[in-house]
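Working notes, beginning with the structure itself.
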Amino acid sequence: MPTTKSIFLGADAPRVLTVPMIAAVLANRRKLPARNTLFRWIREQTKSGALRPVTRGLYINQLARPLPTASDAASFVRGGAIVSLQSVLGEAGVTNNYSDIVTCVVPHSKDHRPSVRPVTAERIEFRFHAMPKRFLDEHAGEIEDRMDLDFRYPRATPEKALLDWIYLGASARTKIAGPPFDIDDGRLDKARLQRLAKSMSLELQLKTYLEIKRKYDEDSEVEANDSLDAGL
């Protein structure tokens, strides 16, 4: 069998692996490894920490570089999933509540209703929220505006993540609350945010959110000043 180091280590190594993918990588030119041999090899690599189990038959390759995260596996756990919402905004520092939960949006259409049941496995939790397909494809804006292309898995830009959250928070079809108002919008690309809002027909919703946020910020400043004065 090929060595783990030679096949799975480095920047070009696969970051997330299914059992068929592992079998294909380990296969020689003539035949796939025997089933017992394959699963024994997987157990050995899991025990050593080289493979991190996610769900049944799905693993994160801990030898890939840079080190993969649970977010890399989201689109394998639920087909079409795009990491968005709190996961993106928290890691970008736009919100101040970082969470280990991987939050995603998934496309739905009249012909496809994806499951939005959360998935928990191996101390990882994935949460999914369905959105109309038109909000997640080219109709929602240029790909450079919608998707963070610095990542190797489907991931929204912070601006798109905020608009996804605004849409879902206002939708009667979801139970998710809208985004908090204490965000650091100075970390957002305002021009990109406006372009996306126009493409998604969410200009009014964004304007309303930003107006309420402004009032929230002003009230917070008043409270902070009162607290400082009281301490003098």
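Letters A, B, ... go to the chains of the structure tokens in the order shown; residues in each chain start at 1; ligands are counted from 1 in the same order.
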Quick one: residues within 6 Å of A:Pro158, only C-alpha atoms counted, chain neighbours fewer than 2 positions away excluded, as a CSV table (one decimal) with N, CA, C and O atoms, in the first residue's frame?
chain,number,residue,atom,x,y,z
A,88,VAL,N,-19.3,32.6,8.5
A,88,VAL,CA,-18.5,33.5,7.7
A,88,VAL,C,-18.3,34.8,8.5
A,88,VAL,O,-17.1,35.3,8.6
A,89,LEU,N,-19.3,35.4,9.0
A,89,LEU,CA,-19.2,36.7,9.7
A,89,LEU,C,-18.4,36.6,10.9
A,89,LEU,O,-17.7,37.6,11.3
A,160,LYS,N,-22.1,38.7,1.2
A,160,LYS,CA,-23.2,37.8,0.9
A,160,LYS,C,-23.8,37.1,2.1
A,160,LYS,O,-25.0,36.8,2.2
A,161,ALA,N,-22.9,36.7,3.0
A,161,ALA,CA,-23.3,36.1,4.3
A,161,ALA,C,-24.3,36.9,5.0
A,161,ALA,O,-25.3,36.5,5.6
Find the residues near stretch 53-65 of chain A: any atom within 8 Å, counting only C-alpha atoms, skip ones fewer than 4 places away on the same chain, and give them as an MDAnalysis selection string.
chainID A and resid 5 8:19 46 49 69:70 72:73 76:77 121:122 124
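For the choices A:Arg127, A:Val116, A:Ile7, A:Leu38, the atom-to-atom distance to A:Val25 is smallest for A:Ile7 when using only C-alpha atoms.
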Name the residues of stretch 20-80 of chain A that fall into strand (DSSP E or B) according to DSSP on the backbone, using the chain letters and numbers of this document, as a PyMOL selection string.
chain A and resi 51-53+58-61+64
Using the chain letters and numbers from this document, which residues of stretch 21-91 of chain A does DSSP assign to helix (DSSP H, G or I), as JSON, numbers by chain?
{"A": [21, 22, 23, 24, 25, 26, 35, 36, 37, 38, 39, 40, 41, 42, 43, 44, 45, 46, 47, 48, 70, 71, 72, 73, 74, 75, 76, 77, 85, 86, 87, 88, 89, 90, 91]}
Could you pull the residues within 7 Å of A:Phe126, counting only C-alpha atoms, minus those fewer than 2 positions along the same chain, as an MDAnalysis selection string?
chainID A and resid 101:103 118:120 124 128
Selection export as a compact mmCIF listing (two decimals), in the first residue's frame, atoms kept: C-alpha atoms:
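Just written: out-v5.txt:
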# COMPACT_ATOMS: atom_id res chain seq x y z
CA ILE A 101 -21.15 25.39 14.56
CA VAL A 102 -20.86 25.39 10.77
CA THR A 103 -23.77 27.42 9.34
CA PRO A 118 -28.88 19.69 11.43
CA VAL A 119 -26.13 17.11 11.37
CA THR A 120 -24.00 16.42 14.43
CA ILE A 124 -19.03 18.89 14.81
CA PHE A 128 -28.52 24.23 7.08
Might you pull out every residue within 8 Å of A:Thr157, with only C-alpha atoms counted and same-chain residues fewer than 6 positions away left off, and present them as a list of chain:residue names?
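Here the qualifying residues turn out to be A:Ser84, A:Val88, A:Asp145, A:Arg146, A:Met147, A:Asp148.
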Closest of A:Leu149, A:Leu67, A:Ile176, A:Leu163 to A:Ser201 - atom-to-atom distances counting only C-alpha atoms:
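Comparing A:Leu149, A:Leu67, A:Ile176, A:Leu163 against A:Ser201, the winner is A:Leu163.
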Students should find that atom CA of A:Ser48 and atom CA of A:Arg35 are spaced 20.1 Å
Find the distance between atom CA of A:Leu85 and atom CA of A:Asp111 and write it in Å to one decimal.
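Straight-line distance from atom CA of A:Leu85 to atom CA of A:Asp111 works out to 24.8 Å.
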